[in-house]
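A.B. asks: mmCIF, C-alpha atoms, file query_33.cif:
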data_data
#
loop_
_atom_site.label_atom_id
_atom_site.label_comp_id
_atom_site.auth_asym_id
_atom_site.auth_seq_id
_atom_site.Cartn_x
_atom_site.Cartn_y
_atom_site.Cartn_z
CA MET A 7 0.00 0.00 0.00
CA LEU A 8 2.84 2.35 0.80
CA ALA A 9 4.17 1.76 -2.69
CA VAL A 10 0.83 2.84 -4.21
CA SER A 11 0.68 5.97 -2.11
CA ARG A 12 4.23 7.13 -2.54
CA LEU A 13 5.26 5.94 -5.97
CA ARG A 14 1.90 5.40 -7.61
CA ASP A 15 3.27 2.07 -8.57
CA ARG A 16 1.01 0.40 -11.12
CA ALA A 17 2.30 -3.09 -10.54
CA SER A 18 1.58 -2.91 -6.86
CA PHE A 19 -1.90 -1.46 -7.47
CA MET A 20 -2.63 -4.22 -9.98
CA ARG A 21 -1.70 -6.86 -7.38
CA ILE A 22 -4.31 -5.32 -5.06
CA TYR A 23 -6.72 -5.20 -8.02
CA ASP A 24 -6.23 -8.87 -8.92
CA HIS A 25 -6.87 -9.90 -5.34
CA PHE A 26 -9.89 -7.72 -4.59
CA MET A 27 -11.71 -7.34 -7.92
CA PRO A 28 -13.25 -10.85 -7.96
CA ARG A 29 -14.06 -10.62 -4.25
CA LEU A 30 -15.74 -7.22 -4.55
CA CYS A 31 -17.80 -8.50 -7.50
CA LEU A 32 -18.89 -11.48 -5.45
CA TYR A 33 -19.83 -9.23 -2.51
CA LEU A 34 -21.83 -6.81 -4.68
CA ARG A 35 -23.63 -9.59 -6.56
CA GLY A 36 -24.54 -11.15 -3.21
CA LEU A 37 -26.14 -7.86 -2.15
CA GLY A 38 -28.36 -8.09 -5.20
CA SER A 39 -26.58 -6.08 -7.92
CA PRO A 40 -26.95 -7.57 -11.41
CA ASP A 41 -23.59 -8.85 -12.77
CA ALA A 42 -22.88 -5.84 -14.98
CA VAL A 43 -23.68 -3.36 -12.18
CA ALA A 44 -21.55 -5.29 -9.68
CA GLU A 45 -18.60 -5.16 -12.09
CA GLU A 46 -19.06 -1.47 -12.75
CA LEU A 47 -19.26 -0.61 -9.04
CA ALA A 48 -16.25 -2.78 -8.20
CA GLN A 49 -14.19 -1.08 -10.95
CA GLU A 50 -15.28 2.29 -9.60
CA ALA A 51 -14.29 1.36 -6.02
CA LEU A 52 -10.82 0.22 -7.11
CA LEU A 53 -10.32 3.24 -9.34
CA ARG A 54 -11.12 5.46 -6.36
CA LEU A 55 -8.51 3.59 -4.35
CA TRP A 56 -5.95 4.32 -7.08
CA HIS A 57 -6.83 8.02 -7.33
CA ARG A 58 -7.05 8.60 -3.62
CA ALA A 59 -4.15 6.44 -2.56
CA ALA A 60 -2.33 9.58 -1.51
CA GLN A 61 -5.08 10.29 1.01
CA TYR A 62 -5.20 6.74 2.21
CA ASP A 63 -3.28 6.41 5.42
CA PRO A 64 -1.93 2.88 5.73
CA GLN A 65 -1.60 3.36 9.48
CA HIS A 66 -5.37 3.21 9.76
CA GLY A 67 -7.27 0.14 8.81
CA ALA A 68 -6.58 -2.33 6.04
CA VAL A 69 -7.21 -1.88 2.33
CA SER A 70 -10.02 -4.40 2.72
CA THR A 71 -11.81 -2.11 5.21
CA TRP A 72 -11.52 0.85 2.88
CA LEU A 73 -12.77 -1.09 -0.15
CA PHE A 74 -15.61 -2.60 1.89
CA ARG A 75 -16.80 0.90 2.85
CA ILE A 76 -16.62 2.27 -0.67
CA GLY A 77 -18.26 -0.82 -2.19
CA ARG A 78 -21.07 -0.75 0.38
CA ASN A 79 -21.72 2.97 -0.13
CA LEU A 80 -21.72 2.66 -3.92
CA HIS A 81 -24.16 -0.23 -3.69
CA ILE A 82 -26.57 1.55 -1.36
CA ASP A 83 -26.40 4.69 -3.45
CA ARG A 84 -27.12 2.84 -6.70
CA VAL A 85 -29.36 -0.03 -5.76
CA ARG A 86 -31.31 0.95 -2.67
CA CYS A 87 -31.96 4.44 -3.96
CA GLU A 88 -32.44 5.68 -0.42
CA GLN A 89 -30.76 9.04 -0.67
CA GLY A 90 -30.49 9.49 3.04
CA TRP A 91 -28.51 6.32 3.64
CA VAL A 92 -25.20 7.16 2.04
CA GLN A 93 -25.27 10.65 3.46
CA VAL A 94 -25.86 9.08 6.84
CA LEU A 95 -22.92 6.70 6.37
CA GLU A 96 -20.60 9.37 5.02
CA ASP A 97 -21.48 11.73 7.84
CA ALA A 98 -20.32 9.19 10.35
CA VAL A 99 -17.58 7.38 8.49
CA PRO A 100 -14.82 9.93 7.88
CA ALA A 101 -14.31 10.36 11.58
CA SER A 102 -14.15 6.65 12.26
CA ASP A 103 -10.66 6.41 10.77
CA GLU A 104 -9.34 8.96 13.19
CA ASP A 105 -11.19 7.31 16.00
CA LEU A 106 -9.89 3.81 15.43
CA ALA A 107 -8.38 3.25 18.79
CA HIS A 108 -5.28 1.33 17.71
CA PRO A 109 -3.07 2.65 14.96
CA PHE A 110 -1.10 -0.47 14.19
CA SER A 111 2.38 -0.71 12.83
CA ALA A 112 2.61 -2.94 9.76
CA ALA A 113 3.64 -5.96 11.84
CA GLU A 114 0.90 -5.46 14.45
CA ASP A 115 -1.59 -4.82 11.67
CA TYR A 116 -0.70 -8.13 10.11
CA ALA A 117 -0.96 -9.97 13.43
CA GLU A 118 -4.33 -8.35 14.12
CA HIS A 119 -5.50 -9.27 10.63
CA ALA A 120 -4.53 -12.91 11.15
CA ARG A 121 -6.21 -12.99 14.57
CA LEU A 122 -9.48 -11.62 13.17
CA GLN A 123 -9.34 -14.12 10.31
CA ARG A 124 -8.96 -16.99 12.77
CA ARG A 125 -11.78 -15.73 15.00
CA ILE A 126 -14.13 -15.49 12.00
CA GLN A 127 -13.34 -19.11 11.12
CA GLU A 128 -14.02 -20.18 14.71
CA LEU A 129 -17.41 -18.47 15.06
CA PRO A 130 -20.22 -20.83 16.08
CA ALA A 131 -22.28 -21.77 13.01
CA ILE A 132 -25.39 -19.77 13.93
CA GLN A 133 -23.40 -16.61 14.69
CA ALA A 134 -21.49 -16.97 11.42
CA ARG A 135 -24.79 -17.40 9.54
CA LEU A 136 -26.32 -14.25 11.05
CA MET A 137 -23.17 -12.22 10.35
CA ARG A 138 -23.29 -13.37 6.71
CA MET A 139 -26.98 -12.47 6.43
CA SER A 140 -26.15 -9.00 7.78
CA TYR A 141 -23.01 -8.28 5.76
CA PHE A 142 -23.66 -10.20 2.55
CA GLU A 143 -27.45 -9.92 2.22
CA SER A 144 -27.91 -6.63 4.17
CA LYS A 145 -30.84 -8.11 6.09
CA SER A 146 -32.14 -6.17 9.09
CA HIS A 147 -32.61 -7.84 12.50
CA GLN A 148 -36.33 -8.11 11.84
CA GLU A 149 -35.85 -9.62 8.37
CA ILE A 150 -33.50 -12.23 9.82
CA ALA A 151 -35.96 -12.97 12.63
CA ASP A 152 -38.79 -13.45 10.11
CA GLU A 153 -36.76 -15.60 7.76
CA LEU A 154 -35.37 -17.92 10.46
CA GLN A 155 -38.52 -17.74 12.63
CA MET A 156 -36.34 -16.71 15.53
CA PRO A 157 -37.32 -14.17 18.24
CA LEU A 158 -35.91 -10.69 17.52
CA GLY A 159 -34.09 -10.67 20.87
CA THR A 160 -32.30 -13.91 19.95
CA VAL A 161 -31.13 -12.47 16.61
CA LYS A 162 -29.70 -9.45 18.40
CA SER A 163 -28.03 -11.51 21.08
CA HIS A 164 -26.33 -13.77 18.48
CA LEU A 165 -25.03 -10.74 16.58
CA ARG A 166 -23.91 -9.09 19.82
CA ARG A 167 -21.98 -12.20 20.87
CA ALA A 168 -20.47 -12.59 17.41
CA PHE A 169 -19.17 -9.00 17.45
CA LEU A 170 -17.74 -9.30 20.96
CA ARG A 171 -16.12 -12.66 20.10
CA LEU A 172 -14.49 -11.21 16.99
CA GLN A 173 -13.16 -8.42 19.15
CA GLY A 174 -11.68 -11.01 21.49
CA GLN A 175 -13.82 -9.68 24.33
CA ILE A 176 -15.60 -12.93 25.07
CA ARG A 177 -14.78 -16.56 24.49
CA ASP A 178 -17.61 -19.02 24.53
CA GLN A 179 -17.69 -22.56 23.28
CA PRO A 180 -18.45 -22.91 19.56
CA MET B 78 -20.52 15.62 25.55
CA ASN B 79 -19.62 12.20 26.80
CA PRO B 80 -22.48 9.75 26.30
CA HIS B 81 -23.06 7.02 28.88
CA HIS B 82 -25.57 4.93 26.96
CA HIS B 83 -24.34 3.49 23.67
CA LEU B 84 -25.53 1.58 20.61
CA ASP B 85 -25.98 -2.14 21.13
CA PRO B 86 -23.21 -4.12 19.33
CA SER B 87 -25.91 -5.77 17.19
CA THR B 88 -26.95 -2.29 15.97
CA VAL B 89 -23.30 -1.37 15.31
CA VAL B 90 -22.86 -4.51 13.17
CA SER B 91 -25.96 -3.85 11.09
CA TYR B 92 -25.11 -0.17 10.69
CA ALA B 93 -21.67 -1.07 9.32
CA ALA B 94 -23.17 -3.78 7.12
CA GLY B 95 -25.62 -1.25 5.63
CA ALA B 96 -28.44 -3.45 6.90
CA LEU B 97 -30.42 -1.16 9.24
CA ALA B 98 -33.79 0.21 8.24
CA LEU B 99 -33.23 3.80 7.06
CA GLU B 100 -35.02 5.40 10.04
CA VAL B 101 -32.97 3.41 12.53
CA ALA B 102 -29.77 4.27 10.64
CA ILE B 103 -30.61 7.99 10.84
CA VAL B 104 -30.98 7.87 14.63
CA ALA B 105 -27.81 5.75 14.91
CA ALA B 106 -25.91 8.33 12.81
CA THR B 107 -27.24 11.09 15.09
CA HIS B 108 -25.71 9.27 18.04
CA LEU B 109 -22.44 8.59 16.15
CA GLU B 110 -22.03 12.30 15.47
CA THR B 111 -21.48 12.85 19.20
CA CYS B 112 -19.98 9.54 20.30
CA ALA B 113 -16.33 8.67 19.58
CA HIS B 114 -16.72 5.35 21.40
CA CYS B 115 -19.42 4.13 19.01
CA ARG B 116 -17.61 5.56 15.95
CA GLY B 117 -14.62 3.42 16.94
CA ARG B 118 -16.87 0.38 17.16
CA VAL B 119 -18.38 1.05 13.73
CA GLY B 120 -14.81 1.22 12.40
CA GLU B 121 -14.15 -2.19 13.90
CA ALA B 122 -17.36 -3.62 12.44
CA GLU B 123 -16.28 -2.28 9.03
CA ARG B 124 -12.95 -4.02 9.47
CA ILE B 125 -14.89 -7.25 10.04
CA GLY B 126 -16.83 -6.50 6.84
CA GLY B 127 -13.59 -5.99 4.91
CA GLN B 128 -12.21 -9.23 6.25
CA LEU B 129 -15.40 -11.16 5.37
CA VAL B 130 -15.25 -9.82 1.82
CA GLU B 131 -11.60 -10.76 1.57
CA GLN B 132 -12.17 -14.30 2.86
CA GLN B 133 -14.64 -15.18 0.09
CA GLN B 134 -13.36 -17.68 -2.44
CA PRO B 135 -14.12 -16.45 -5.97
CA SER B 136 -14.61 -19.14 -8.57
CA ALA B 137 -12.18 -19.42 -11.47
CA ALA B 138 -15.05 -19.46 -13.97
CA ASP B 139 -14.99 -15.68 -14.48
CA ALA B 140 -11.36 -15.56 -15.58
CA ASP B 141 -12.05 -14.34 -19.14
CA ARG B 142 -14.41 -11.62 -17.98
CA LEU B 143 -11.91 -10.50 -15.34
CA ALA B 144 -9.15 -10.27 -17.95
CA ASP B 145 -11.32 -7.84 -19.96
CA LEU B 146 -12.05 -5.75 -16.89
CA ARG B 147 -8.36 -5.73 -15.98
CA ALA B 148 -7.44 -4.42 -19.41
CA SER B 149 -10.08 -1.72 -19.16
CA ILE B 150 -8.95 -0.45 -15.75
CA LEU B 151 -5.32 -0.31 -16.92
CA HIS B 152 -6.46 2.17 -19.57
CA ARG B 153 -8.27 4.26 -17.00
CA LEU B 154 -5.39 4.65 -14.54
CA ASP B 155 -4.12 7.70 -16.42
CA GLU B 156 -7.47 9.45 -16.43
CA ALA B 157 -7.78 12.41 -14.12
CA ALA B 158 -9.60 11.64 -10.91
CA ALA B 159 -13.20 12.75 -10.72
CA PRO B 160 -13.42 15.69 -8.36
CA VAL B 161 -14.23 14.61 -4.85
CA ALA B 162 -17.42 16.15 -3.53
CA ALA B 163 -16.53 18.69 -0.89
CA ALA B 164 -16.78 17.19 2.56
CA MET B 165 -19.89 18.34 4.38
CA ALA B 166 -19.52 20.99 6.99
CA ARG B 167 -19.08 18.87 10.05
CA GLY B 168 -18.78 21.54 12.73
CA ALA B 169 -19.17 20.51 16.32
CA PRO B 170 -22.87 19.74 16.31
CA TYR B 171 -23.80 20.90 19.77
CA GLU B 172 -21.75 24.10 19.95
CA ASP B 173 -24.42 26.11 18.18
CA ASP B 174 -27.35 25.60 20.51
CA ASP B 175 -29.91 25.97 17.81
CA ARG B 176 -28.40 23.60 15.25
CA LEU B 177 -29.95 20.16 14.84
CA PRO B 178 -27.59 17.17 14.36
CA THR B 179 -26.52 16.85 10.70
CA PRO B 180 -28.15 13.46 9.92
CA LEU B 181 -31.56 14.95 10.82
CA HIS B 182 -31.36 17.91 8.44
CA PRO B 183 -33.06 16.25 5.43
CA TYR B 184 -36.00 15.23 7.61
CA PHE B 185 -36.46 17.98 10.20
CA GLY B 186 -34.50 20.99 8.90
CA THR B 187 -31.44 22.54 10.45
CA SER B 188 -32.59 24.38 13.54
CA TYR B 189 -34.59 23.74 16.70
CA ARG B 190 -36.22 27.16 16.41
CA SER B 191 -37.90 26.37 13.11
CA LEU B 192 -39.36 23.00 14.18
CA LYS B 193 -43.13 22.91 13.70
CA TRP B 194 -44.37 20.96 16.69
CA ARG B 195 -47.81 19.35 16.68
CA TRP B 196 -49.78 18.57 19.80
CA MET B 197 -49.99 14.86 20.47
CA ALA B 198 -51.13 14.44 24.09
CA PRO B 199 -51.02 16.63 27.20
CA GLY B 200 -47.40 17.73 27.61
CA VAL B 201 -46.29 15.88 24.49
CA HIS B 202 -45.58 17.34 21.04
CA CYS B 203 -44.23 15.54 18.03
CA ILE B 204 -43.09 15.85 14.43
CA ARG B 205 -43.23 12.88 12.11
CA ALA B 206 -40.63 12.87 9.33
CA SER B 207 -41.89 12.46 5.82
CA GLY B 208 -39.91 10.79 3.09
CA THR B 209 -39.07 7.61 4.95
CA ARG B 210 -40.66 4.44 3.73
CA THR B 211 -40.46 1.44 5.98
CA GLY B 212 -40.67 2.55 9.59
CA THR B 213 -41.37 5.63 11.65
CA LEU B 214 -39.02 8.51 12.37
CA LEU B 215 -40.34 10.80 15.05
CA MET B 216 -39.12 13.84 16.95
CA LEU B 217 -40.71 14.15 20.39
CA LYS B 218 -40.88 16.98 22.90
CA ILE B 219 -42.05 15.93 26.33
CA GLY B 220 -42.70 18.51 29.00
CA ALA B 221 -40.51 18.56 32.12
CA GLY B 222 -41.51 16.15 34.89
CA ARG B 223 -43.99 14.14 32.79
CA SER B 224 -44.36 10.41 32.68
CA MET B 225 -45.08 8.66 29.40
CA PRO B 226 -47.47 5.69 29.26
CA VAL B 227 -45.85 2.31 29.94
CA HIS B 228 -45.06 0.72 26.59
CA GLY B 229 -43.24 -2.17 24.98
CA HIS B 230 -42.04 -2.55 21.43
CA GLY B 231 -43.16 -4.74 18.57
CA GLY B 232 -39.67 -4.39 17.14
CA THR B 233 -36.73 -2.05 17.68
CA GLU B 234 -36.94 1.40 19.23
CA LEU B 235 -33.84 3.54 18.91
CA THR B 236 -34.04 6.89 20.69
CA GLN B 237 -31.37 9.58 20.86
CA ILE B 238 -31.71 12.26 23.53
CA LEU B 239 -31.08 15.75 22.14
CA ARG B 240 -32.11 18.03 25.02
CA GLY B 241 -33.39 17.62 28.57
CA ALA B 242 -33.34 14.18 30.17
CA TYR B 243 -35.50 11.31 31.34
CA HIS B 244 -35.12 8.26 33.51
CA ASP B 245 -36.71 4.85 33.43
CA ALA B 246 -35.92 1.37 34.74
CA LEU B 247 -32.82 1.28 32.49
CA GLY B 248 -31.23 4.40 33.94
CA HIS B 249 -30.80 8.12 33.40
CA PHE B 250 -30.70 9.35 29.79
CA ALA B 251 -29.20 12.77 29.04
CA PRO B 252 -28.22 14.59 25.80
CA GLY B 253 -25.93 12.40 23.68
CA ASP B 254 -27.25 9.16 25.17
CA VAL B 255 -29.03 6.61 23.02
CA ALA B 256 -31.62 4.07 24.19
CA ASP B 257 -31.33 0.95 22.04
CA LEU B 258 -34.37 -1.13 22.96
CA ASP B 259 -35.94 -4.25 21.55
CA SER B 260 -39.13 -6.20 22.03
CA ASP B 261 -38.08 -7.60 25.43
CA VAL B 262 -38.18 -4.17 27.06
CA GLU B 263 -41.23 -2.51 28.56
CA HIS B 264 -40.55 0.89 30.03
CA GLN B 265 -42.07 4.11 31.29
CA PRO B 266 -39.84 7.11 30.70
CA VAL B 267 -40.27 10.01 33.15
CA THR B 268 -38.72 13.31 32.11
CA VAL B 269 -36.70 15.19 34.72
CA PRO B 270 -37.95 18.55 36.04
CA GLY B 271 -36.50 21.75 34.63
CA ALA B 272 -36.54 21.58 30.84
CA ALA B 273 -38.55 19.73 28.21
CA CYS B 274 -36.95 16.58 26.86
CA ILE B 275 -36.43 16.53 23.08
CA CYS B 276 -35.52 13.25 21.47
CA VAL B 277 -35.61 11.56 18.10
CA SER B 278 -36.93 8.00 17.80
CA ALA B 279 -36.98 5.38 15.10
CA LEU B 280 -39.50 2.56 15.31
CA ASP B 281 -39.49 -0.35 12.93
CA ALA B 282 -42.75 -1.80 14.30
CA PRO B 283 -45.72 -0.38 16.25
CA LEU B 284 -45.34 0.28 19.99
CA ARG B 285 -47.29 -1.93 22.38
CA PHE B 286 -49.23 -0.22 25.15
CA PRO B 287 -50.49 -2.49 27.92
CA GLY B 288 -52.80 0.22 29.37
CA TRP B 289 -56.33 0.41 27.85
CA LEU B 290 -56.36 4.19 27.56
CA ALA B 291 -53.05 4.39 25.79
CA ARG B 292 -54.14 1.53 23.55
CA LYS B 293 -57.32 3.41 22.60
CA LEU B 294 -55.30 6.52 21.78
CA GLN B 295 -52.68 4.65 19.77
CA PRO B 296 -54.56 4.54 16.44
CA LEU B 297 -55.19 8.27 16.67
CA PHE B 298 -51.47 8.96 16.77
CA LYS B 299 -50.58 6.20 14.31
CA LEU B 300 -47.95 4.72 16.61
#
If you took the structure in this file and wrote it as structure tokens, what would it be?
C.D. replies:
Amino acid sequence: MLAVSRLRDRASFMRIYDHFMPRLCLYLRGLGSPDAVAEELAQEALLRLWHRAAQYDPQHGAVSTWLFRIGRNLHIDRVRCEQGWVQVLEDAVPASDEDLAHPFSAAEDYAEHARLQRRIQELPAIQARLMRMSYFESKSHQEIADELQMPLGTVKSHLRRAFLRLQGQIRDQP
Amino acid sequence: MNPHHHLDPSTVVSYAAGALALEVAIVAATHLETCAHCRGRVGEAERIGGQLVEQQQPSAADADRLADLRASILHRLDEAAAPVAAAMARGAPYEDDDRLPTPLHPYFGTSYRSLKWRWMAPGVHCIRASGTRTGTLLMLKIGAGRSMPVHGHGGTELTQILRGAYHDALGHFAPGDVADLDSDVEHQPVTVPGAACICVSALDAPLRFPGWLARKLQPLFKL
């Protein structure tokens, strides 16, 4: 990432592109974008990364976080057509970089990344399912409750536990 | 302002995932404008989102299509960047006493002074936002020292306190605090003496009033 910011190095950007382009397309299609729209939005997200790499501070958050935000906002803007939503997200989001409590060094960032990856893989099945329904299908608590015929309070408590587990704040048995 | 009552982690996750109903997201964003703690948590939930996206395994079937897209982006790297929309004025929201929190501007305007309150019940005034589709977004002004009818919730109620304060079985709620309640909670807020309590609430399902009088009134107020 440093190489993209400082040298505008095409080869290094294209390595990021090759890794994330298929994954962003998959994410956007999952949210309900038709194939062609998903491709267009994913291209747009990556192009923004290229153009704004100078503003991107590698000390804060991973490239994946940044691309997730942009992809999500582009999707909501285009597909949900709820004007208020993206404004609402963008109002709150710029500050969240500054507020991220732990500016990691590259080595710590990598360790943190690996830890989060492992915790995601170790989530109990039901918590993993509800996280996927939230992130990949953008279903609200109530929609999840209706679809799984689960009390609303149970949906919220699974999501709460999943978040706290991924943060390493609680450990319960899978 | 240092809020003591925060968003539930399940609300933080759905906010970051872009999965909250619009009305609930607006109230959550109103809280986030004043709460560094919750902004940090949203950042962490977005990191989880980024990691989930990265962990997906794309199939190899799209290789040809991806090669075309790759060629097309290589051509576009030399294009000038589209101008970035100027960042919104984000001034400290509560320094100007009359300024409403930014996420509420499209629905309620920019200032407390120009709010057009409508009478709802003795001591209670409200404004219902137009332009939202799925749930209810409501600004409430409750006179000092009043108690609201006991009520539960069919779904989620998210309430951000803007001015004044109230207490209920869950504690004391002052400006900056958010009450993130679900269907398990039945409560009776009582506003503190001194000043009217102004808050903004999102409901994604009708309230439930156990009392017969409140239940009779409910259809009149479309709650």
A.B. asks: Using all atoms of range 235-241 of chain B that appear in the file, construct an axis-aligned enclosing box with 6 Å of padding on every side and provide its centre coordinates and edge lengths in Å, rounded to one decimal, as AutoDock Vina command-line options.
C.D. replies:
--center_x -32.6 --center_y 10.8 --center_z 23.7 --size_x 15.0 --size_y 26.5 --size_z 21.7
A.B. asks: Using all atoms listed in the file, can you tell me which of B:His81, B:Lys218, B:Arg124, B:His249 comes closest to chain A?
C.D. replies: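 Looking only at the distances to chain A, the closest residue turns out to be B:Arg124.
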A.B. asks: I'd like to see the residues matched by the PyMOL selection byres ((chain A and resi 23) around 10) on this file, and ideally I'd get them as a list in words.
C.D. replies: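 Those residues are Ala17, Ser18, Phe19, Met20, Arg21, Ile22, Asp24, His25, Phe26, Met27, Pro28, Arg29, Leu30, Ala48, Gln49, Leu52, Leu53, Leu55 and Trp56 of chain A; Arg147 and Ile150 of chain B.
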A.B. asks: With a cut-off of 7 Å and counting only C-alpha atoms, select all residues of chain B in contact with chain A and give the selection as a JSON list (two decimals) with C-alpha atoms, in the coordinates of the input.
C.D. replies:
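The result, stored in selection01.json:
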[["chain", "number", "residue", "atom", "x", "y", "z"],
["B", 86, "PRO", "CA", -23.21, -4.12, 19.33],
["B", 87, "SER", "CA", -25.91, -5.77, 17.19],
["B", 91, "SER", "CA", -25.96, -3.85, 11.09],
["B", 94, "ALA", "CA", -23.17, -3.78, 7.12],
["B", 95, "GLY", "CA", -25.62, -1.25, 5.63],
["B", 96, "ALA", "CA", -28.44, -3.45, 6.90],
["B", 97, "LEU", "CA", -30.42, -1.16, 9.24],
["B", 98, "ALA", "CA", -33.79, 0.21, 8.24],
["B", 99, "LEU", "CA", -33.23, 3.80, 7.06],
["B", 103, "ILE", "CA", -30.61, 7.99, 10.84],
["B", 106, "ALA", "CA", -25.91, 8.33, 12.81],
["B", 109, "LEU", "CA", -22.44, 8.59, 16.15],
["B", 110, "GLU", "CA", -22.03, 12.30, 15.47],
["B", 113, "ALA", "CA", -16.33, 8.67, 19.58],
["B", 116, "ARG", "CA", -17.61, 5.56, 15.95],
["B", 117, "GLY", "CA", -14.62, 3.42, 16.94],
["B", 120, "GLY", "CA", -14.81, 1.22, 12.40],
["B", 123, "GLU", "CA", -16.28, -2.28, 9.03],
["B", 124, "ARG", "CA", -12.95, -4.02, 9.47],
["B", 126, "GLY", "CA", -16.83, -6.50, 6.84],
["B", 127, "GLY", "CA", -13.59, -5.99, 4.91],
["B", 128, "GLN", "CA", -12.21, -9.23, 6.25],
["B", 130, "VAL", "CA", -15.25, -9.82, 1.82],
["B", 131, "GLU", "CA", -11.60, -10.76, 1.57],
["B", 133, "GLN", "CA", -14.64, -15.18, 0.09],
["B", 135, "PRO", "CA", -14.12, -16.45, -5.97],
["B", 158, "ALA", "CA", -9.60, 11.64, -10.91],
["B", 180, "PRO", "CA", -28.15, 13.46, 9.92],
["B", 259, "ASP", "CA", -35.94, -4.25, 21.55],
["B", 260, "SER", "CA", -39.13, -6.20, 22.03],
["B", 261, "ASP", "CA", -38.08, -7.60, 25.43]]
A.B. asks: Compare B:Asp257, B:Gly186, B:Ala138, B:Gln265 by their minimum atom-to-atom distance to Val89 in chain B, counting all atoms listed in the file, and give me the closest one.
C.D. replies: B:Asp257
A.B. asks: One decimal, in Å: what's the spacing between CA of Arg190 in chain B and CA of Ala279 in chain B?
C.D. replies: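 CA of Ala279 in chain B lies 21.8 Å from CA of Arg190 in chain B.
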A.B. asks: Given the file above and the PyMOL selection byres ((chain B and resi 192) around 12), which residues are selected, and can you give them as a ChimeraX atom specification?
C.D. replies: /B:175-177,181-182,184-191,193-195,202-206,216-218,275
A.B. asks: I want to know what sits within 7 Å of Thr213 in chain B, based on all atoms listed in the file, with residues of the same chain fewer than 4 positions away left out; could you give that as an MDAnalysis selection string?
C.D. replies: chainID B and resid 100 279:281
A.B. asks: Could you please determine the separation between CA of Cys112 in chain B and CA of Pro178 in chain B in Å, to one decimal place?
C.D. replies: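 These atoms are spaced 12.3 Å apart.
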A.B. asks: As a check of understanding, name the residues that the PyMOL selection byres ((chain B and resi 268) around 7) selects in the supplied structure, as a PyMOL selection string.
C.D. replies: chain B and resi 221-224+242-244+266-267+269-270+274
A.B. asks: Please compute the CA of Ala102 in chain B-CA of Leu239 in chain B distance, one decimal, in Å.
C.D. replies: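 Pair CA of Ala102 in chain B / CA of Leu239 in chain B returns 16.3 Å.
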A.B. asks: Taking into account only C-alpha atoms, which residue in the set B:Met197, B:Ala144, B:Ile219, B:Ala157 is nearest to Gly271 in chain B?
C.D. replies: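 Of all the options, B:Ile219 lies closest to Gly271 in chain B.
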A.B. asks: Please provide the set of residues having any atom within 8 Å of Pro252 in chain B, restricted to all atoms listed in the file, with same-chain residues fewer than 6 positions apart removed, written as number ranges by chain.
C.D. replies: B: 78, 80, 237-242
